[in-house]
>>> print(open('coords05.pdb').read())   # PDB, N, CA and C atoms, pLDDT in the B column
ATOM      1  N   MET A  13       0.816  -1.195   0.000  1.00 76.00           N
ATOM      2  CA  MET A  13       0.000   0.000   0.000  1.00 76.00           C
ATOM      3  C   MET A  13       0.860   1.260   0.000  1.00 76.00           C
ATOM      4  N   THR A  14       1.961   1.236   0.741  1.00 82.00           N
ATOM      5  CA  THR A  14       2.824   2.416   0.751  1.00 82.00           C
ATOM      6  C   THR A  14       3.497   2.628  -0.604  1.00 82.00           C
ATOM      7  N   ASP A  15       3.715   1.541  -1.350  1.00 81.00           N
ATOM      8  CA  ASP A  15       4.291   1.688  -2.685  1.00 81.00           C
ATOM      9  C   ASP A  15       3.383   2.538  -3.575  1.00 81.00           C
ATOM     10  N   ARG A  16       2.093   2.305  -3.473  1.00 84.00           N
ATOM     11  CA  ARG A  16       1.143   3.061  -4.290  1.00 84.00           C
ATOM     12  C   ARG A  16       1.087   4.519  -3.860  1.00 84.00           C
ATOM     13  N   ILE A  17       1.129   4.772  -2.566  1.00 88.00           N
ATOM     14  CA  ILE A  17       1.093   6.153  -2.078  1.00 88.00           C
ATOM     15  C   ILE A  17       2.339   6.910  -2.527  1.00 88.00           C
ATOM     16  N   ILE A  18       3.498   6.293  -2.388  1.00 89.00           N
ATOM     17  CA  ILE A  18       4.741   6.935  -2.819  1.00 89.00           C
ATOM     18  C   ILE A  18       4.744   7.124  -4.331  1.00 89.00           C
ATOM     19  N   GLY A  19       4.228   6.148  -5.062  1.00 86.00           N
ATOM     20  CA  GLY A  19       4.157   6.265  -6.517  1.00 86.00           C
ATOM     21  C   GLY A  19       3.245   7.395  -6.957  1.00 86.00           C
ATOM     22  N   ILE A  20       2.094   7.518  -6.318  1.00 89.00           N
ATOM     23  CA  ILE A  20       1.173   8.611  -6.643  1.00 89.00           C
ATOM     24  C   ILE A  20       1.799   9.957  -6.307  1.00 89.00           C
ATOM     25  N   ALA A  21       2.478  10.035  -5.164  1.00 92.00           N
ATOM     26  CA  ALA A  21       3.146  11.289  -4.787  1.00 92.00           C
ATOM     27  C   ALA A  21       4.244  11.645  -5.791  1.00 92.00           C
ATOM     28  N   ALA A  22       5.017  10.663  -6.209  1.00 91.00           N
ATOM     29  CA  ALA A  22       6.091  10.923  -7.179  1.00 91.00           C
ATOM     30  C   ALA A  22       5.524  11.368  -8.518  1.00 91.00           C
ATOM     31  N   LEU A  23       4.435  10.750  -8.950  1.00 92.00           N
ATOM     32  CA  LEU A  23       3.806  11.146 -10.210  1.00 92.00           C
ATOM     33  C   LEU A  23       3.240  12.558 -10.108  1.00 92.00           C
ATOM     34  N   ALA A  24       2.654  12.887  -8.966  1.00 94.00           N
ATOM     35  CA  ALA A  24       2.123  14.240  -8.759  1.00 94.00           C
ATOM     36  C   ALA A  24       3.239  15.286  -8.767  1.00 94.00           C
ATOM     37  N   ILE A  25       4.372  14.961  -8.159  1.00 95.00           N
ATOM     38  CA  ILE A  25       5.510  15.882  -8.161  1.00 95.00           C
ATOM     39  C   ILE A  25       6.053  16.059  -9.571  1.00 95.00           C
ATOM     40  N   LEU A  26       6.133  14.969 -10.338  1.00 93.00           N
ATOM     41  CA  LEU A  26       6.578  15.070 -11.724  1.00 93.00           C
ATOM     42  C   LEU A  26       5.647  15.960 -12.532  1.00 93.00           C
ATOM     43  N   ILE A  27       4.338  15.775 -12.377  1.00 94.00           N
ATOM     44  CA  ILE A  27       3.368  16.590 -13.104  1.00 94.00           C
ATOM     45  C   ILE A  27       3.486  18.055 -12.696  1.00 94.00           C
ATOM     46  N   GLY A  28       3.680  18.315 -11.393  1.00 95.00           N
ATOM     47  CA  GLY A  28       3.870  19.687 -10.938  1.00 95.00           C
ATOM     48  C   GLY A  28       5.124  20.322 -11.510  1.00 95.00           C
ATOM     49  N   PHE A  29       6.216  19.574 -11.535  1.00 95.00           N
ATOM     50  CA  PHE A  29       7.472  20.075 -12.091  1.00 95.00           C
ATOM     51  C   PHE A  29       7.336  20.380 -13.572  1.00 95.00           C
ATOM     52  N   VAL A  30       6.722  19.460 -14.293  1.00 94.00           N
ATOM     53  CA  VAL A  30       6.517  19.659 -15.735  1.00 94.00           C
ATOM     54  C   VAL A  30       5.584  20.842 -15.968  1.00 94.00           C
ATOM     55  N   GLY A  31       4.564  20.993 -15.121  1.00 93.00           N
ATOM     56  CA  GLY A  31       3.645  22.118 -15.256  1.00 93.00           C
ATOM     57  C   GLY A  31       4.337  23.452 -15.073  1.00 93.00           C
ATOM     58  N   ILE A  32       5.268  23.520 -14.135  1.00 95.00           N
ATOM     59  CA  ILE A  32       6.020  24.760 -13.928  1.00 95.00           C
ATOM     60  C   ILE A  32       6.886  25.066 -15.147  1.00 95.00           C
ATOM     61  N   ILE A  33       7.558  24.060 -15.667  1.00 93.00           N
ATOM     62  CA  ILE A  33       8.404  24.276 -16.852  1.00 93.00           C
ATOM     63  C   ILE A  33       7.562  24.746 -18.030  1.00 93.00           C
ATOM     64  N   VAL A  34       6.449  24.088 -18.282  1.00 93.00           N
ATOM     65  CA  VAL A  34       5.587  24.465 -19.405  1.00 93.00           C
ATOM     66  C   VAL A  34       4.973  25.839 -19.177  1.00 93.00           C
ATOM     67  N   GLY A  35       4.698  26.186 -17.929  1.00 93.00           N
ATOM     68  CA  GLY A  35       4.143  27.498 -17.627  1.00 93.00           C
ATOM     69  C   GLY A  35       5.104  28.636 -17.929  1.00 93.00           C
ATOM     70  N   PHE A  36       6.384  28.424 -17.660  1.00 95.00           N
ATOM     71  CA  PHE A  36       7.373  29.473 -17.896  1.00 95.00           C
ATOM     72  C   PHE A  36       7.919  29.469 -19.322  1.00 95.00           C
ATOM     73  N   VAL A  37       7.881  28.317 -19.996  1.00 93.00           N
ATOM     74  CA  VAL A  37       8.387  28.214 -21.368  1.00 93.00           C
ATOM     75  C   VAL A  37       7.285  27.595 -22.231  1.00 93.00           C
ATOM     76  N   PRO A  38       6.294  28.397 -22.643  1.00 89.00           N
ATOM     77  CA  PRO A  38       5.154  27.840 -23.398  1.00 89.00           C
ATOM     78  C   PRO A  38       5.477  27.619 -24.874  1.00 89.00           C
ATOM     79  N   ASP A  39       6.347  26.658 -25.154  1.00 93.00           N
ATOM     80  CA  ASP A  39       6.710  26.321 -26.529  1.00 93.00           C
ATOM     81  C   ASP A  39       6.023  25.009 -26.895  1.00 93.00           C
ATOM     82  N   LEU A  40       5.477  24.929 -28.087  1.00 95.00           N
ATOM     83  CA  LEU A  40       4.695  23.756 -28.497  1.00 95.00           C
ATOM     84  C   LEU A  40       5.519  22.470 -28.456  1.00 95.00           C
ATOM     85  N   ASP A  41       6.757  22.529 -28.933  1.00 94.00           N
ATOM     86  CA  ASP A  41       7.602  21.325 -28.936  1.00 94.00           C
ATOM     87  C   ASP A  41       7.862  20.831 -27.513  1.00 94.00           C
ATOM     88  N   LEU A  42       8.128  21.741 -26.615  1.00 94.00           N
ATOM     89  CA  LEU A  42       8.375  21.379 -25.223  1.00 94.00           C
ATOM     90  C   LEU A  42       7.124  20.775 -24.587  1.00 94.00           C
ATOM     91  N   ILE A  43       5.970  21.338 -24.890  1.00 94.00           N
ATOM     92  CA  ILE A  43       4.717  20.824 -24.345  1.00 94.00           C
ATOM     93  C   ILE A  43       4.474  19.393 -24.824  1.00 94.00           C
ATOM     94  N   VAL A  44       4.735  19.135 -26.095  1.00 95.00           N
ATOM     95  CA  VAL A  44       4.545  17.783 -26.642  1.00 95.00           C
ATOM     96  C   VAL A  44       5.475  16.797 -25.944  1.00 95.00           C
ATOM     97  N   VAL A  45       6.733  17.161 -25.765  1.00 95.00           N
ATOM     98  CA  VAL A  45       7.694  16.276 -25.103  1.00 95.00           C
ATOM     99  C   VAL A  45       7.278  16.016 -23.658  1.00 95.00           C
ATOM    100  N   MET A  46       6.845  17.051 -22.965  1.00 94.00           N
ATOM    101  CA  MET A  46       6.447  16.895 -21.566  1.00 94.00           C
ATOM    102  C   MET A  46       5.192  16.028 -21.429  1.00 94.00           C
ATOM    103  N   VAL A  47       4.255  16.163 -22.350  1.00 94.00           N
ATOM    104  CA  VAL A  47       3.055  15.324 -22.322  1.00 94.00           C
ATOM    105  C   VAL A  47       3.437  13.860 -22.547  1.00 94.00           C
ATOM    106  N   VAL A  48       4.355  13.616 -23.471  1.00 96.00           N
ATOM    107  CA  VAL A  48       4.814  12.243 -23.720  1.00 96.00           C
ATOM    108  C   VAL A  48       5.516  11.683 -22.483  1.00 96.00           C
ATOM    109  N   VAL A  49       6.349  12.495 -21.833  1.00 94.00           N
ATOM    110  CA  VAL A  49       7.062  12.048 -20.632  1.00 94.00           C
ATOM    111  C   VAL A  49       6.080  11.680 -19.525  1.00 94.00           C
ATOM    112  N   VAL A  50       5.096  12.545 -19.282  1.00 94.00           N
ATOM    113  CA  VAL A  50       4.114  12.270 -18.229  1.00 94.00           C
ATOM    114  C   VAL A  50       3.268  11.047 -18.588  1.00 94.00           C
ATOM    115  N   ALA A  51       2.916  10.900 -19.862  1.00 95.00           N
ATOM    116  CA  ALA A  51       2.128   9.735 -20.277  1.00 95.00           C
ATOM    117  C   ALA A  51       2.918   8.440 -20.082  1.00 95.00           C
ATOM    118  N   MET A  52       4.188   8.451 -20.427  1.00 95.00           N
ATOM    119  CA  MET A  52       5.016   7.259 -20.235  1.00 95.00           C
ATOM    120  C   MET A  52       5.192   6.934 -18.758  1.00 95.00           C
ATOM    121  N   ALA A  53       5.393   7.955 -17.939  1.00 93.00           N
ATOM    122  CA  ALA A  53       5.540   7.728 -16.494  1.00 93.00           C
ATOM    123  C   ALA A  53       4.236   7.195 -15.912  1.00 93.00           C
ATOM    124  N   GLY A  54       3.116   7.744 -16.339  1.00 92.00           N
ATOM    125  CA  GLY A  54       1.826   7.270 -15.854  1.00 92.00           C
ATOM    126  C   GLY A  54       1.547   5.839 -16.267  1.00 92.00           C
ATOM    127  N   TYR A  55       1.903   5.495 -17.488  1.00 92.00           N
ATOM    128  CA  TYR A  55       1.702   4.130 -17.975  1.00 92.00           C
ATOM    129  C   TYR A  55       2.580   3.141 -17.203  1.00 92.00           C
ATOM    130  N   ASP A  56       3.826   3.513 -16.970  1.00 90.00           N
ATOM    131  CA  ASP A  56       4.725   2.656 -16.202  1.00 90.00           C
ATOM    132  C   ASP A  56       4.225   2.501 -14.768  1.00 90.00           C
ATOM    133  N   PHE A  57       3.741   3.589 -14.183  1.00 88.00           N
ATOM    134  CA  PHE A  57       3.164   3.550 -12.842  1.00 88.00           C
ATOM    135  C   PHE A  57       1.986   2.580 -12.801  1.00 88.00           C
ATOM    136  N   TYR A  58       1.123   2.673 -13.787  1.00 88.00           N
ATOM    137  CA  TYR A  58      -0.049   1.792 -13.858  1.00 88.00           C
ATOM    138  C   TYR A  58       0.367   0.327 -13.985  1.00 88.00           C
ATOM    139  N   LEU A  59       1.298   0.044 -14.886  1.00 87.00           N
ATOM    140  CA  LEU A  59       1.728  -1.346 -15.076  1.00 87.00           C
ATOM    141  C   LEU A  59       2.416  -1.901 -13.841  1.00 87.00           C
ATOM    142  N   THR A  60       3.256  -1.094 -13.237  1.00 84.00           N
ATOM    143  CA  THR A  60       4.044  -1.579 -12.108  1.00 84.00           C
ATOM    144  C   THR A  60       3.200  -1.825 -10.869  1.00 84.00           C
ATOM    145  N   LEU A  61       2.306  -0.893 -10.551  1.00 80.00           N
ATOM    146  CA  LEU A  61       1.611  -0.987  -9.275  1.00 80.00           C
ATOM    147  C   LEU A  61       0.210  -1.586  -9.347  1.00 80.00           C
ATOM    148  N   PHE A  62      -0.425  -1.543 -10.480  1.00 77.00           N
ATOM    149  CA  PHE A  62      -1.804  -2.022 -10.532  1.00 77.00           C
ATOM    150  C   PHE A  62      -1.971  -3.275 -11.387  1.00 77.00           C
ATOM    151  N   LYS A  63      -1.108  -3.509 -12.354  1.00 74.00           N
ATOM    152  CA  LYS A  63      -1.230  -4.696 -13.189  1.00 74.00           C
ATOM    153  C   LYS A  63      -0.213  -5.763 -12.817  1.00 74.00           C
ATOM    154  N   GLY A  64       0.726  -5.437 -11.956  1.00 63.00           N
ATOM    155  CA  GLY A  64       1.763  -6.382 -11.589  1.00 63.00           C
ATOM    156  C   GLY A  64       1.273  -7.380 -10.560  1.00 63.00           C
ATOM    157  N   ASP A  65       2.216  -7.947  -9.837  1.00 56.00           N
ATOM    158  CA  ASP A  65       1.881  -8.950  -8.839  1.00 56.00           C
ATOM    159  C   ASP A  65       1.487  -8.327  -7.502  1.00 56.00           C
ATOM    160  N   GLY A  66       1.398  -7.001  -7.446  1.00 51.00           N
ATOM    161  CA  GLY A  66       1.018  -6.325  -6.217  1.00 51.00           C
ATOM    162  C   GLY A  66       2.180  -6.036  -5.298  1.00 51.00           C
ATOM    163  N   LYS A  67       3.370  -6.453  -5.711  1.00 57.00           N
ATOM    164  CA  LYS A  67       4.558  -6.246  -4.884  1.00 57.00           C
ATOM    165  C   LYS A  67       5.462  -5.165  -5.454  1.00 57.00           C
ATOM    166  N   GLY A  68       4.976  -4.443  -6.464  1.00 51.00           N
ATOM    167  CA  GLY A  68       5.803  -3.410  -7.066  1.00 51.00           C
ATOM    168  C   GLY A  68       6.855  -3.965  -8.002  1.00 51.00           C
ATOM    169  N   GLY A  69       6.624  -5.127  -8.544  1.00 53.00           N
ATOM    170  CA  GLY A  69       7.588  -5.758  -9.448  1.00 53.00           C
ATOM    171  C   GLY A  69       7.553  -5.141 -10.828  1.00 53.00           C
ATOM    172  N   ASP A  70       8.057  -5.876 -11.793  1.00 54.00           N
ATOM    173  CA  ASP A  70       8.135  -5.363 -13.157  1.00 54.00           C
ATOM    174  C   ASP A  70       6.811  -5.386 -13.890  1.00 54.00           C
ATOM    175  N   GLY A  71       5.852  -6.094 -13.384  1.00 51.00           N
ATOM    176  CA  GLY A  71       4.561  -6.175 -14.053  1.00 51.00           C
ATOM    177  C   GLY A  71       4.586  -7.213 -15.164  1.00 51.00           C
ATOM    178  N   PRO A  72       3.512  -7.310 -15.908  1.00 54.00           N
ATOM    179  CA  PRO A  72       3.441  -8.320 -16.968  1.00 54.00           C
ATOM    180  C   PRO A  72       4.281  -7.936 -18.163  1.00 54.00           C
ATOM    181  N   LEU A  73       4.746  -8.942 -18.874  1.00 50.00           N
ATOM    182  CA  LEU A  73       5.471  -8.685 -20.112  1.00 50.00           C
ATOM    183  C   LEU A  73       4.483  -8.443 -21.221  1.00 50.00           C
ATOM    184  N   LEU A  74       4.799  -7.496 -22.099  1.00 52.00           N
ATOM    185  CA  LEU A  74       3.876  -7.169 -23.182  1.00 52.00           C
ATOM    186  C   LEU A  74       4.086  -8.063 -24.367  1.00 52.00           C
TER     187      LEU A  74
END
>>> encode(input="coords05.pdb", output="structure tokens")
Amino acid sequence: MTDRIIGIAALAILIGFVGIIVGFVPDLDLIVVMVVVVAMAGYDFYLTLFKGDGKGGDGPLL
């Protein structure tokens, strides 16, 4: 359970950090890269903590 809480907190901090960068540098290319980064981190978070074995392992192989 603590793995999920720490994972959610880390994802929230990443989104906040990316939001600050995009807020100060509103360039389309940067926004696209940051959206891809957050999407990849969110997908990895989902696979690791919710689709895996529940122990925070690598999750299922695709």
>>> atom_distance(input="coords05.pdb", atom1="CA of Leu61 (chain A)", atom2="CA of Arg16 (chain A)")
6.4 Å
>>> atom_distance(input="coords05.pdb", atom1="atom C of Met13 (chain A)", atom2="atom N of Phe62 (chain A)")
10.9 Å
>>> residues_around(input="coords05.pdb", residues="region 42-44 of chain A", least_positions_apart="6", cutoff="10 Å", atoms="only C-alpha atoms", output="compact mmCIF listing (two decimals) with N, CA and C atoms, in the coordinates of the input")
# COMPACT_ATOMS: atom_id res chain seq x y z
N VAL A 30 6.72 19.46 -14.29
CA VAL A 30 6.52 19.66 -15.74
C VAL A 30 5.58 20.84 -15.97
N GLY A 31 4.56 20.99 -15.12
CA GLY A 31 3.64 22.12 -15.26
C GLY A 31 4.34 23.45 -15.07
N ILE A 33 7.56 24.06 -15.67
CA ILE A 33 8.40 24.28 -16.85
C ILE A 33 7.56 24.75 -18.03
N VAL A 34 6.45 24.09 -18.28
CA VAL A 34 5.59 24.46 -19.40
C VAL A 34 4.97 25.84 -19.18
N GLY A 35 4.70 26.19 -17.93
CA GLY A 35 4.14 27.50 -17.63
C GLY A 35 5.10 28.64 -17.93
>>> residues_around(input="coords05.pdb", residues="Gly19 (chain A)", least_positions_apart="5", cutoff="9 Å", atoms="only C-alpha atoms", output="list in words")
Thr14, Ala24, Phe57 and Leu61 of chain A
